[in-house]
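Undergrad: This is work.cif, which holds mmCIF, C-alpha atoms:
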data_coords
loop_
_atom_site.group_PDB
_atom_site.id
_atom_site.type_symbol
_atom_site.label_atom_id
_atom_site.label_comp_id
_atom_site.auth_asym_id
_atom_site.auth_seq_id
_atom_site.Cartn_x
_atom_site.Cartn_y
_atom_site.Cartn_z
ATOM 1 C CA MET N 252 95.005 123.572 125.895
ATOM 2 C CA THR N 253 98.618 123.779 124.697
ATOM 3 C CA GLU N 254 98.528 120.021 124.225
ATOM 4 C CA LEU N 255 95.508 120.366 121.960
ATOM 5 C CA ILE N 256 97.329 123.000 119.890
ATOM 6 C CA GLU N 257 100.303 120.631 119.590
ATOM 7 C CA HIS N 258 98.034 117.882 118.289
ATOM 8 C CA VAL N 259 96.464 120.216 115.745
ATOM 9 C CA GLU N 260 99.897 121.373 114.570
ATOM 10 C CA ALA N 261 101.105 117.793 114.252
ATOM 11 C CA ALA N 262 98.096 117.008 112.049
ATOM 12 C CA ILE N 263 98.531 120.129 109.908
ATOM 13 C CA GLN N 264 102.172 119.278 109.241
ATOM 14 C CA ARG N 265 100.961 116.031 107.650
ATOM 15 C CA PRO N 266 98.413 117.107 105.005
ATOM 16 C CA ASN N 267 98.678 113.735 103.270
ATOM 17 C CA PHE N 268 97.491 112.037 106.434
ATOM 18 C CA ILE N 269 94.501 114.373 106.687
ATOM 19 C CA ALA N 270 93.603 113.612 103.068
ATOM 20 C CA PHE N 271 93.978 109.886 103.813
ATOM 21 C CA VAL N 272 91.638 110.104 106.837
ATOM 22 C CA ILE N 273 88.958 111.974 104.871
ATOM 23 C CA LEU N 274 89.108 109.652 101.844
ATOM 24 C CA PHE N 275 89.187 106.491 103.951
ATOM 25 C CA LEU N 276 86.270 107.401 106.205
ATOM 26 C CA TRP N 277 84.122 108.816 103.406
ATOM 27 C CA GLY N 278 84.700 105.766 101.212
ATOM 28 C CA PHE N 279 84.049 103.463 104.154
ATOM 29 C CA TYR N 280 80.803 105.286 104.940
ATOM 30 C CA ILE N 281 79.589 104.926 101.338
ATOM 31 C CA MET N 282 80.621 101.280 101.279
ATOM 32 C CA VAL N 283 78.648 100.444 104.428
ATOM 33 C CA THR N 284 75.501 102.568 104.093
ATOM 34 C CA HIS N 285 74.720 103.078 100.399
ATOM 35 C CA PRO N 286 72.094 100.652 99.036
ATOM 36 C CA ASN N 287 73.340 100.798 95.419
ATOM 37 C CA MET N 288 75.916 98.071 94.776
ATOM 38 C CA VAL N 289 77.987 99.920 92.147
ATOM 39 C CA LYS N 290 78.170 102.919 94.478
ATOM 40 C CA LYS N 291 79.401 100.601 97.218
ATOM 41 C CA LEU N 292 82.224 99.531 94.915
ATOM 42 C CA VAL N 293 83.092 103.190 94.233
ATOM 43 C CA GLY N 294 83.462 103.529 98.016
ATOM 44 C CA MET N 295 85.595 100.398 98.158
ATOM 45 C CA TYR N 296 87.853 101.808 95.442
ATOM 46 C CA LEU N 297 88.305 105.024 97.454
ATOM 47 C CA VAL N 298 89.215 103.063 100.606
ATOM 48 C CA GLN N 299 91.782 100.941 98.763
ATOM 49 C CA THR N 300 93.458 103.853 96.962
ATOM 50 C CA SER N 301 93.593 105.927 100.170
ATOM 51 C CA VAL N 302 95.501 103.176 101.990
ATOM 52 C CA ILE N 303 97.926 102.878 99.076
ATOM 53 C CA PHE N 304 98.273 106.666 99.135
ATOM 54 C CA LEU N 305 99.362 106.524 102.802
ATOM 55 C CA LEU N 306 101.959 103.825 102.016
ATOM 56 C CA VAL N 307 103.432 105.852 99.146
ATOM 57 C CA THR N 308 103.558 108.929 101.390
ATOM 58 C CA VAL N 309 105.789 106.993 103.807
ATOM 59 C CA SER N 310 108.292 106.360 101.016
ATOM 60 C CA ALA N 311 108.850 110.036 100.103
ATOM 61 C CA LYS N 312 112.064 111.765 101.207
ATOM 62 C CA ASP N 313 113.222 115.362 101.350
ATOM 63 C CA HIS N 314 113.670 117.292 98.221
ATOM 64 C CA PRO N 315 117.054 116.539 96.766
ATOM 65 C CA ALA N 316 115.782 112.932 96.836
ATOM 66 C CA THR N 317 114.582 111.724 93.445
ATOM 67 C CA VAL N 318 112.818 108.719 91.863
ATOM 68 C CA PRO N 319 114.403 105.342 92.714
ATOM 69 C CA ILE N 320 116.226 104.951 89.388
ATOM 70 C CA LEU N 321 120.002 105.038 89.833
ATOM 71 C CA ARG N 322 121.922 107.847 88.133
ATOM 72 C CA ASP N 323 124.884 107.065 85.852
ATOM 73 C CA VAL N 324 127.229 109.175 88.002
ATOM 74 C CA ASP N 325 126.420 107.149 91.094
ATOM 75 C CA ILE N 326 126.729 103.824 89.280
ATOM 76 C CA GLU N 327 130.180 104.686 87.897
ATOM 77 C CA SER N 328 131.565 105.856 91.224
ATOM 78 C CA GLY N 329 129.898 102.952 93.080
ATOM 79 C CA GLN N 330 129.039 105.305 95.947
ATOM 80 C CA ILE N 331 125.250 105.387 96.298
ATOM 81 C CA ASP N 332 123.759 107.582 99.016
ATOM 82 C CA PRO N 333 120.359 106.107 100.035
ATOM 83 C CA THR N 334 119.048 109.489 101.225
ATOM 84 C CA GLU N 335 119.191 110.772 97.626
ATOM 85 C CA TYR N 336 116.560 108.309 96.361
ATOM 86 C CA ALA N 337 112.978 107.685 97.457
ATOM 87 C CA ASN N 338 112.413 104.460 99.387
ATOM 88 C CA PRO N 339 111.697 101.740 96.752
ATOM 89 C CA LEU N 340 110.204 99.111 99.069
ATOM 90 C CA PRO N 341 106.709 100.665 99.606
ATOM 91 C CA HIS N 342 106.526 101.240 95.842
ATOM 92 C CA VAL N 343 106.978 97.526 95.181
ATOM 93 C CA LEU N 344 104.428 96.510 97.807
ATOM 94 C CA THR N 345 101.852 99.008 96.516
ATOM 95 C CA LEU N 346 102.375 97.832 92.921
ATOM 96 C CA THR N 347 101.232 94.385 94.046
ATOM 97 C CA ALA N 348 98.379 95.938 96.048
ATOM 98 C CA ILE N 349 97.070 97.965 93.074
ATOM 99 C CA VAL N 350 96.915 94.910 90.843
ATOM 100 C CA VAL N 351 95.151 92.860 93.533
ATOM 101 C CA GLN N 352 92.756 95.786 94.063
ATOM 102 C CA VAL N 353 91.735 95.743 90.410
ATOM 103 C CA ALA N 354 91.363 91.940 90.522
ATOM 104 C CA THR N 355 88.940 92.175 93.480
ATOM 105 C CA LEU N 356 87.112 95.010 91.728
ATOM 106 C CA GLY N 357 86.725 92.904 88.573
ATOM 107 C CA VAL N 358 85.347 89.899 90.455
ATOM 108 C CA SER N 359 82.917 92.005 92.494
ATOM 109 C CA LEU N 360 81.665 93.797 89.372
ATOM 110 C CA ALA N 361 81.157 90.417 87.707
ATOM 111 C CA LEU N 362 79.101 89.396 90.760
ATOM 112 C CA VAL N 363 77.044 92.590 90.454
ATOM 113 C CA THR N 364 76.412 91.839 86.767
ATOM 114 C CA ALA N 365 75.318 88.292 87.618
ATOM 115 C CA ILE N 366 72.931 89.619 90.296
ATOM 116 C CA TYR N 367 71.545 92.188 87.844
ATOM 117 C CA ARG N 368 70.874 89.534 85.213
ATOM 118 C CA ARG N 369 68.933 87.426 87.701
ATOM 119 C CA PHE N 370 67.044 90.085 89.698
ATOM 120 C CA GLY N 371 67.014 93.097 87.366
ATOM 121 C CA SER N 372 68.157 95.673 89.880
ATOM 122 C CA LEU N 373 71.348 97.249 91.220
ATOM 123 C CA ASP N 374 69.629 98.260 94.460
ATOM 124 C CA GLU N 375 70.282 96.058 97.450
ATOM 125 C CA ASN N 376 66.842 96.557 99.035
ATOM 126 C CA GLU N 377 64.958 95.677 95.840
ATOM 127 C CA VAL N 378 67.084 92.553 95.391
ATOM 128 C CA LEU N 379 66.319 91.525 98.982
ATOM 129 C CA LYS N 380 62.606 92.078 98.353
ATOM 130 C CA LYS N 381 62.695 89.868 95.252
ATOM 131 C CA ILE N 382 64.506 87.096 97.115
ATOM 132 C CA GLU N 383 61.765 86.859 99.741
ATOM 133 C CA MET B 52 109.048 123.823 100.267
ATOM 134 C CA ILE B 53 107.523 120.532 99.312
ATOM 135 C CA PHE B 54 103.940 121.442 100.253
ATOM 136 C CA SER B 55 103.511 124.432 97.934
ATOM 137 C CA PHE B 56 102.771 122.269 94.923
ATOM 138 C CA GLU B 57 101.174 119.436 96.804
ATOM 139 C CA ILE B 58 98.347 121.210 98.652
ATOM 140 C CA PRO B 59 96.446 122.183 95.436
ATOM 141 C CA LEU B 60 96.818 118.601 94.192
ATOM 142 C CA LEU B 61 95.421 117.231 97.457
ATOM 143 C CA ILE B 62 92.483 119.648 97.286
ATOM 144 C CA LEU B 63 91.829 118.544 93.699
ATOM 145 C CA LEU B 64 92.008 114.923 94.867
ATOM 146 C CA LEU B 65 89.428 115.495 97.600
ATOM 147 C CA LEU B 66 87.180 117.432 95.194
ATOM 148 C CA THR B 67 87.153 114.653 92.581
ATOM 149 C CA ALA B 68 86.492 112.048 95.293
ATOM 150 C CA ALA B 69 83.612 114.171 96.616
ATOM 151 C CA GLY B 70 82.259 114.505 93.060
ATOM 152 C CA ALA B 71 82.355 110.728 92.564
ATOM 153 C CA ILE B 72 80.404 110.258 95.792
ATOM 154 C CA ILE B 73 77.889 113.091 95.547
ATOM 155 C CA VAL B 74 76.868 113.026 91.878
ATOM 156 C CA LYS B 75 73.506 111.335 91.248
ATOM 157 C CA ASP B 76 74.130 109.488 88.001
ATOM 158 C CA LEU B 77 76.281 106.365 88.263
ATOM 159 C CA ILE B 78 77.988 106.775 84.879
ATOM 160 C CA SER B 79 79.103 110.316 85.775
ATOM 161 C CA ALA B 80 80.294 109.032 89.160
ATOM 162 C CA VAL B 81 82.445 106.396 87.468
ATOM 163 C CA LEU B 82 83.935 108.898 85.006
ATOM 164 C CA ILE B 83 84.756 111.316 87.835
ATOM 165 C CA LEU B 84 86.365 108.381 89.640
ATOM 166 C CA GLY B 85 88.612 107.957 86.588
ATOM 167 C CA SER B 86 89.736 111.576 86.851
ATOM 168 C CA TYR B 87 90.320 110.990 90.590
ATOM 169 C CA SER B 88 92.696 108.172 89.619
ATOM 170 C CA PHE B 89 94.621 110.473 87.278
ATOM 171 C CA VAL B 90 95.019 113.145 89.975
ATOM 172 C CA LEU B 91 96.192 110.417 92.347
ATOM 173 C CA ALA B 92 98.771 109.284 89.779
ATOM 174 C CA LEU B 93 99.983 112.893 89.559
ATOM 175 C CA VAL B 94 100.386 113.085 93.360
ATOM 176 C CA TRP B 95 102.358 109.857 93.345
ATOM 177 C CA ALA B 96 104.650 111.037 90.567
ATOM 178 C CA TRP B 97 105.244 114.168 92.642
ATOM 179 C CA LEU B 98 106.153 112.033 95.675
ATOM 180 C CA GLY B 99 108.765 110.175 93.580
ATOM 181 C CA ALA B 100 106.813 106.961 92.981
ATOM 182 C CA VAL B 101 106.881 106.929 89.162
ATOM 183 C CA ASP B 102 106.256 103.196 88.771
ATOM 184 C CA VAL B 103 103.220 103.315 91.050
ATOM 185 C CA ALA B 104 101.939 106.358 89.160
ATOM 186 C CA PHE B 105 102.222 104.509 85.827
ATOM 187 C CA VAL B 106 100.377 101.497 87.168
ATOM 188 C CA GLU B 107 97.645 103.664 88.689
ATOM 189 C CA ALA B 108 97.177 105.612 85.447
ATOM 190 C CA VAL B 109 96.956 102.427 83.340
ATOM 191 C CA VAL B 110 95.254 99.950 85.663
ATOM 192 C CA GLY B 111 93.351 102.236 88.050
ATOM 193 C CA ALA B 112 92.155 104.967 85.713
ATOM 194 C CA GLY B 113 91.968 102.824 82.571
ATOM 195 C CA LEU B 114 91.029 99.258 83.416
ATOM 196 C CA ALA B 115 88.901 99.920 86.520
ATOM 197 C CA THR B 116 86.868 102.568 84.678
ATOM 198 C CA VAL B 117 86.316 100.144 81.796
ATOM 199 C CA PHE B 118 85.128 97.451 84.234
ATOM 200 C CA PHE B 119 82.687 99.869 85.857
ATOM 201 C CA LEU B 120 81.369 101.082 82.495
ATOM 202 C CA LEU B 121 80.917 97.519 81.190
ATOM 203 C CA THR B 122 78.775 96.753 84.243
ATOM 204 C CA LEU B 123 76.719 99.922 83.843
ATOM 205 C CA PHE B 124 76.143 99.507 80.089
ATOM 206 C CA ASN B 125 74.484 96.170 80.834
ATOM 207 C CA ALA B 126 72.009 97.915 83.137
ATOM 208 C CA SER B 127 69.023 99.906 81.909
ATOM 209 C CA PRO B 128 69.193 103.726 82.335
ATOM 210 C CA LYS B 129 66.548 103.864 85.077
ATOM 211 C CA ASP B 130 68.698 101.635 87.278
ATOM 212 C CA THR B 131 71.786 103.836 86.995
ATOM 213 C CA GLU B 132 69.983 106.784 88.573
ATOM 214 C CA ILE B 133 70.349 106.834 92.344
ATOM 215 C CA ARG B 134 68.189 108.435 94.993
ATOM 216 C CA ARG B 135 69.644 110.389 97.876
ATOM 217 C CA GLN B 136 69.693 108.575 101.195
ATOM 218 C CA PRO B 137 69.218 110.087 104.672
ATOM 219 C CA VAL B 138 72.396 109.905 106.746
ATOM 220 C CA PRO B 139 72.012 107.383 109.598
ATOM 221 C CA PHE B 140 72.429 108.985 113.001
ATOM 222 C CA ILE B 141 75.140 106.604 114.171
ATOM 223 C CA ALA B 142 77.269 107.310 111.079
ATOM 224 C CA PHE B 143 76.734 111.056 111.534
ATOM 225 C CA LEU B 144 78.075 110.753 115.077
ATOM 226 C CA GLY B 145 80.578 107.924 114.803
ATOM 227 C CA LEU B 146 82.594 108.628 111.667
ATOM 228 C CA PRO B 147 83.747 112.182 112.572
ATOM 229 C CA MET B 148 84.775 110.835 115.988
ATOM 230 C CA LEU B 149 86.755 108.050 114.336
ATOM 231 C CA GLY B 150 88.380 110.675 112.092
ATOM 232 C CA LEU B 151 89.319 112.821 115.087
ATOM 233 C CA LEU B 152 90.837 109.793 116.805
ATOM 234 C CA LEU B 153 92.902 109.017 113.706
ATOM 235 C CA LEU B 154 94.081 112.634 113.482
ATOM 236 C CA PHE B 155 94.896 112.505 117.204
ATOM 237 C CA ALA B 156 97.361 109.723 116.376
ATOM 238 C CA ALA B 157 99.071 111.852 113.698
ATOM 239 C CA GLU B 158 101.691 112.988 116.194
ATOM 240 C CA ASP B 159 103.112 109.476 116.497
ATOM 241 C CA LEU B 160 103.737 109.158 112.760
ATOM 242 C CA PRO B 161 107.231 109.984 111.471
ATOM 243 C CA GLU B 162 107.731 113.448 109.986
ATOM 244 C CA PHE B 163 106.643 113.779 106.376
ATOM 245 C CA SER B 164 109.560 113.084 103.957
ATOM 246 C CA ASP B 165 111.980 112.277 106.779
ATOM 247 C CA PRO B 166 114.938 110.199 105.449
ATOM 248 C CA LYS B 167 115.416 108.702 108.936
ATOM 249 C CA SER B 168 111.840 107.428 109.290
ATOM 250 C CA PRO B 169 111.562 103.749 110.375
ATOM 251 C CA ALA B 170 110.399 102.641 106.940
ATOM 252 C CA SER B 171 113.525 104.036 105.285
ATOM 253 C CA VAL B 172 116.306 102.744 107.548
ATOM 254 C CA HIS B 173 116.134 98.968 107.837
ATOM 255 C CA VAL B 174 116.363 97.092 104.541
ATOM 256 C CA SER B 175 115.618 99.673 101.865
ATOM 257 C CA PRO B 176 119.084 101.385 101.949
ATOM 258 C CA GLU B 177 120.545 97.956 101.210
ATOM 259 C CA TYR B 178 118.328 97.608 98.147
ATOM 260 C CA LEU B 179 119.440 101.027 96.927
ATOM 261 C CA GLU B 180 123.154 100.434 97.565
ATOM 262 C CA GLN B 181 123.552 96.860 96.334
ATOM 263 C CA SER B 182 120.859 96.236 93.734
ATOM 264 C CA TYR B 183 123.034 97.408 90.825
ATOM 265 C CA GLN B 184 125.948 95.104 91.711
ATOM 266 C CA LYS B 185 123.640 92.159 92.327
ATOM 267 C CA THR B 186 121.036 92.495 89.594
ATOM 268 C CA ASP B 187 122.551 94.908 87.029
ATOM 269 C CA THR B 188 119.323 96.933 86.822
ATOM 270 C CA GLU B 189 119.203 100.707 87.133
ATOM 271 C CA ASN B 190 115.575 100.847 88.226
ATOM 272 C CA VAL B 191 115.582 99.686 91.852
ATOM 273 C CA VAL B 192 111.822 99.067 91.901
ATOM 274 C CA THR B 193 112.161 96.613 88.994
ATOM 275 C CA SER B 194 115.040 94.760 90.606
ATOM 276 C CA VAL B 195 113.202 94.412 93.933
ATOM 277 C CA LEU B 196 109.961 93.361 92.212
ATOM 278 C CA MET B 197 111.492 90.824 89.844
ATOM 279 C CA ASP B 198 114.596 89.585 91.698
ATOM 280 C CA TYR B 199 114.448 90.032 95.463
ATOM 281 C CA ARG B 200 110.699 89.443 95.642
ATOM 282 C CA GLY B 201 110.171 87.318 92.544
ATOM 283 C CA PHE B 202 107.975 84.763 94.342
ATOM 284 C CA ASP B 203 105.702 87.564 95.515
ATOM 285 C CA THR B 204 105.152 88.599 91.900
ATOM 286 C CA LEU B 205 104.667 84.976 90.829
ATOM 287 C CA ILE B 206 101.890 84.405 93.384
ATOM 288 C CA GLU B 207 100.363 87.742 92.390
ATOM 289 C CA THR B 208 100.074 86.387 88.858
ATOM 290 C CA ALA B 209 98.256 83.375 90.325
ATOM 291 C CA VAL B 210 95.834 85.771 92.067
ATOM 292 C CA ILE B 211 95.060 87.542 88.780
ATOM 293 C CA PHE B 212 94.576 84.176 87.051
ATOM 294 C CA THR B 213 92.120 83.106 89.771
ATOM 295 C CA ALA B 214 90.243 86.398 89.427
ATOM 296 C CA GLY B 215 90.023 85.861 85.654
ATOM 297 C CA ILE B 216 88.602 82.359 86.107
ATOM 298 C CA ALA B 217 86.098 83.637 88.692
ATOM 299 C CA CYS B 218 84.905 86.370 86.297
ATOM 300 C CA ALA B 219 84.563 83.885 83.435
ATOM 301 C CA LEU B 220 82.533 81.489 85.602
ATOM 302 C CA LEU B 221 80.262 84.241 86.942
ATOM 303 C CA LEU B 222 79.538 85.727 83.516
ATOM 304 C CA ARG B 223 78.781 82.474 81.676
ATOM 305 C CA ARG B 224 75.566 82.932 79.705
ATOM 306 C CA ASP B 225 74.239 79.389 79.901
ATOM 307 C CA SER B 226 74.779 78.794 83.605
ATOM 308 C CA LYS B 227 71.737 77.020 85.001
#
Could the structure of this file be written out as structure tokens, please?
TA:
Amino acid sequence: MTELIEHVEAAIQRPNFIAFVILFLWGFYIMVTHPNMVKKLVGMYLVQTSVIFLLVTVSAKDHPATVPILRDVDIESGQIDPTEYANPLPHVLTLTAIVVQVATLGVSLALVTAIYRRFGSLDENEVLKKIE
Amino acid sequence: MIFSFEIPLLILLLLTAAGAIIVKDLISAVLILGSYSFVLALVWAWLGAVDVAFVEAVVGAGLATVFFLLTLFNASPKDTEIRRQPVPFIAFLGLPMLGLLLLFAAEDLPEFSDPKSPASVHVSPEYLEQSYQKTDTENVVTSVLMDYRGFDTLIETAVIFTAGIACALLLRRDSK
């Protein structure tokens, strides 16, 4: 029982992780089960942004820490304390990931438009019926 | 306390995501998704990731919403209405269990905003300490993106180019 309480406390101390789990699973559920193709892409967008959200959460540091842009005082003295700035590496990786996310979104929406022009429906089941 | 300002933002984030999923009209869902992106950008700015927040506000909230709306304006109004679906039993059972398993693993993650977490000790202090001497740029994110990881950014440009070509080929009018 005490172990269970420890697990619950560990989860509550990480609210960003709870938000990530909810967004990821909900988006994933919509992506897999919903028959409407645009709605599927809304789910895909939620999944992608939730993963990026978790990565950015990792980069945050305690509160005197600020954005990773060096201050003039630190540059002049040449003494830079890494604990005073947020971790820049996850930011760079997520910048790439966001752009790739929008590229995949654009291509999949173009595919949806092409399917709509040919079959006249955004619903997966109706498209499958018309193929048969 | 870092959480005092963040909890309302997270609740707002979950509410906008729920709105985008639950609402019945696709155009409203897409517009709510845009507001979700803006709230997300706000959370990221609060966590100290200003560059990521800018990109999310411009590319995520702006460009992605425009892509969605362009697709939906091609469709007739009766197709953008969606009917409610019954929840499949296996999803009703399986997804909460998966969520509980993920939350069970929360203990093994590093503490939130811990400067000694594994992600913040290996190479990133070096970037912060030496990037100004080596690249003469005050913004560390820019120097890592354009100097240390320039090839990464170059190939990313190739990915966007490929996506552009794919869109142009898919949307050709006279494709037979």
Undergrad: Please, what distance in Å, to one decimal, runs between CA of Tyr199 in chain B and CA of Tyr178 in chain B?
TA: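 Distance between the two atoms: 8.9 Å.
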Undergrad: In the coordinates of the file, take the point (71.4, 106.1, 100.4) and a cut-off of 8 Å; then, counting all atoms listed in the file, name each qualifying protein, DNA or RNA residue as a PyMOL selection string.
TA: (chain N and resi 284-287) or (chain B and resi 134-138)
Undergrad: What does the PyMOL selection byres ((chain B and resi 167) around 12) select in this file, as a compact mmCIF listing (two decimals) with C-alpha atoms, in the coordinates of the input?
TA:
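As a result, part-v3.txt now contains:
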# COMPACT_ATOMS: atom_id res chain seq x y z
CA VAL N 309 105.79 106.99 103.81
CA SER N 310 108.29 106.36 101.02
CA ALA N 311 108.85 110.04 100.10
CA LYS N 312 112.06 111.76 101.21
CA ASP N 313 113.22 115.36 101.35
CA PRO N 333 120.36 106.11 100.04
CA THR N 334 119.05 109.49 101.22
CA ALA N 337 112.98 107.68 97.46
CA ASN N 338 112.41 104.46 99.39
CA PRO B 161 107.23 109.98 111.47
CA GLU B 162 107.73 113.45 109.99
CA PHE B 163 106.64 113.78 106.38
CA SER B 164 109.56 113.08 103.96
CA ASP B 165 111.98 112.28 106.78
CA PRO B 166 114.94 110.20 105.45
CA SER B 168 111.84 107.43 109.29
CA PRO B 169 111.56 103.75 110.38
CA ALA B 170 110.40 102.64 106.94
CA SER B 171 113.52 104.04 105.28
CA VAL B 172 116.31 102.74 107.55
CA HIS B 173 116.13 98.97 107.84
CA SER B 175 115.62 99.67 101.86
CA PRO B 176 119.08 101.38 101.95
Undergrad: When the PyMOL selection byres ((chain B) within 7 of (chain N)) is applied to the structure above, which residues does it catch, written out as number ranges by chain?
TA: B: 61, 98-101, 103, 115, 118, 122, 130, 146, 150, 154-155, 157-158, 163-166, 171, 175-176, 179-180, 189-192, 196, 207, 211, 214, 217-218, 221-222
Undergrad: In terms of the shortest atom-to-atom distance over all atoms listed in the file, which of N:Gln299, N:Glu327, N:Asn376, N:Ile382 is closest to Gln184 in chain B?
TA: N:Glu327
Undergrad: Could you write range 343-358 of chain N as an mmCIF file, in the frame of the given file, with N, CA, C and O atoms rebuilt where they are missing?
TA:
data_model
loop_
_atom_site.group_PDB
_atom_site.id
_atom_site.type_symbol
_atom_site.label_atom_id
_atom_site.label_comp_id
_atom_site.auth_asym_id
_atom_site.auth_seq_id
_atom_site.Cartn_x
_atom_site.Cartn_y
_atom_site.Cartn_z
ATOM 1 N N VAL N 343 107.161 98.903 95.651
ATOM 2 C CA VAL N 343 106.978 97.526 95.181
ATOM 3 C C VAL N 343 105.734 96.913 95.805
ATOM 4 O O VAL N 343 104.912 96.287 95.116
ATOM 5 N N LEU N 344 105.578 97.116 97.133
ATOM 6 C CA LEU N 344 104.428 96.510 97.807
ATOM 7 C C LEU N 344 103.126 97.095 97.273
ATOM 8 O O LEU N 344 102.137 96.372 97.081
ATOM 9 N N THR N 345 103.094 98.416 97.014
ATOM 10 C CA THR N 345 101.852 99.008 96.516
ATOM 11 C C THR N 345 101.569 98.603 95.076
ATOM 12 O O THR N 345 100.408 98.526 94.692
ATOM 13 N N LEU N 346 102.627 98.331 94.285
ATOM 14 C CA LEU N 346 102.375 97.832 92.921
ATOM 15 C C LEU N 346 101.569 96.551 92.990
ATOM 16 O O LEU N 346 100.559 96.376 92.284
ATOM 17 N N THR N 347 101.986 95.623 93.861
ATOM 18 C CA THR N 347 101.232 94.385 94.046
ATOM 19 C C THR N 347 99.815 94.692 94.509
ATOM 20 O O THR N 347 98.836 94.117 94.016
ATOM 21 N N ALA N 348 99.698 95.645 95.475
ATOM 22 C CA ALA N 348 98.379 95.938 96.048
ATOM 23 C C ALA N 348 97.437 96.517 95.000
ATOM 24 O O ALA N 348 96.252 96.183 94.986
ATOM 25 N N ILE N 349 97.949 97.371 94.091
ATOM 26 C CA ILE N 349 97.070 97.965 93.074
ATOM 27 C C ILE N 349 96.513 96.889 92.161
ATOM 28 O O ILE N 349 95.318 96.872 91.839
ATOM 29 N N VAL N 350 97.374 95.945 91.757
ATOM 30 C CA VAL N 350 96.915 94.910 90.843
ATOM 31 C C VAL N 350 95.877 94.014 91.525
ATOM 32 O O VAL N 350 94.849 93.663 90.935
ATOM 33 N N VAL N 351 96.123 93.678 92.811
ATOM 34 C CA VAL N 351 95.151 92.860 93.533
ATOM 35 C C VAL N 351 93.837 93.625 93.717
ATOM 36 O O VAL N 351 92.745 93.054 93.623
ATOM 37 N N GLN N 352 93.947 94.948 93.933
ATOM 38 C CA GLN N 352 92.756 95.786 94.063
ATOM 39 C C GLN N 352 91.893 95.699 92.813
ATOM 40 O O GLN N 352 90.664 95.522 92.900
ATOM 41 N N VAL N 353 92.531 95.795 91.642
ATOM 42 C CA VAL N 353 91.735 95.743 90.410
ATOM 43 C C VAL N 353 91.170 94.350 90.195
ATOM 44 O O VAL N 353 90.053 94.194 89.688
ATOM 45 N N ALA N 354 91.897 93.306 90.647
ATOM 46 C CA ALA N 354 91.363 91.940 90.522
ATOM 47 C C ALA N 354 90.114 91.784 91.377
ATOM 48 O O ALA N 354 89.087 91.262 90.901
ATOM 49 N N THR N 355 90.133 92.276 92.630
ATOM 50 C CA THR N 355 88.940 92.175 93.480
ATOM 51 C C THR N 355 87.798 92.989 92.893
ATOM 52 O O THR N 355 86.640 92.558 92.910
ATOM 53 N N LEU N 356 88.135 94.165 92.338
ATOM 54 C CA LEU N 356 87.112 95.010 91.728
ATOM 55 C C LEU N 356 86.449 94.292 90.560
ATOM 56 O O LEU N 356 85.218 94.309 90.421
ATOM 57 N N GLY N 357 87.280 93.626 89.716
ATOM 58 C CA GLY N 357 86.725 92.904 88.573
ATOM 59 C C GLY N 357 85.786 91.795 89.001
ATOM 60 O O GLY N 357 84.679 91.663 88.470
ATOM 61 N N VAL N 358 86.196 91.007 90.007
ATOM 62 C CA VAL N 358 85.347 89.899 90.455
ATOM 63 C C VAL N 358 84.053 90.426 91.059
ATOM 64 O O VAL N 358 82.957 89.907 90.791
#
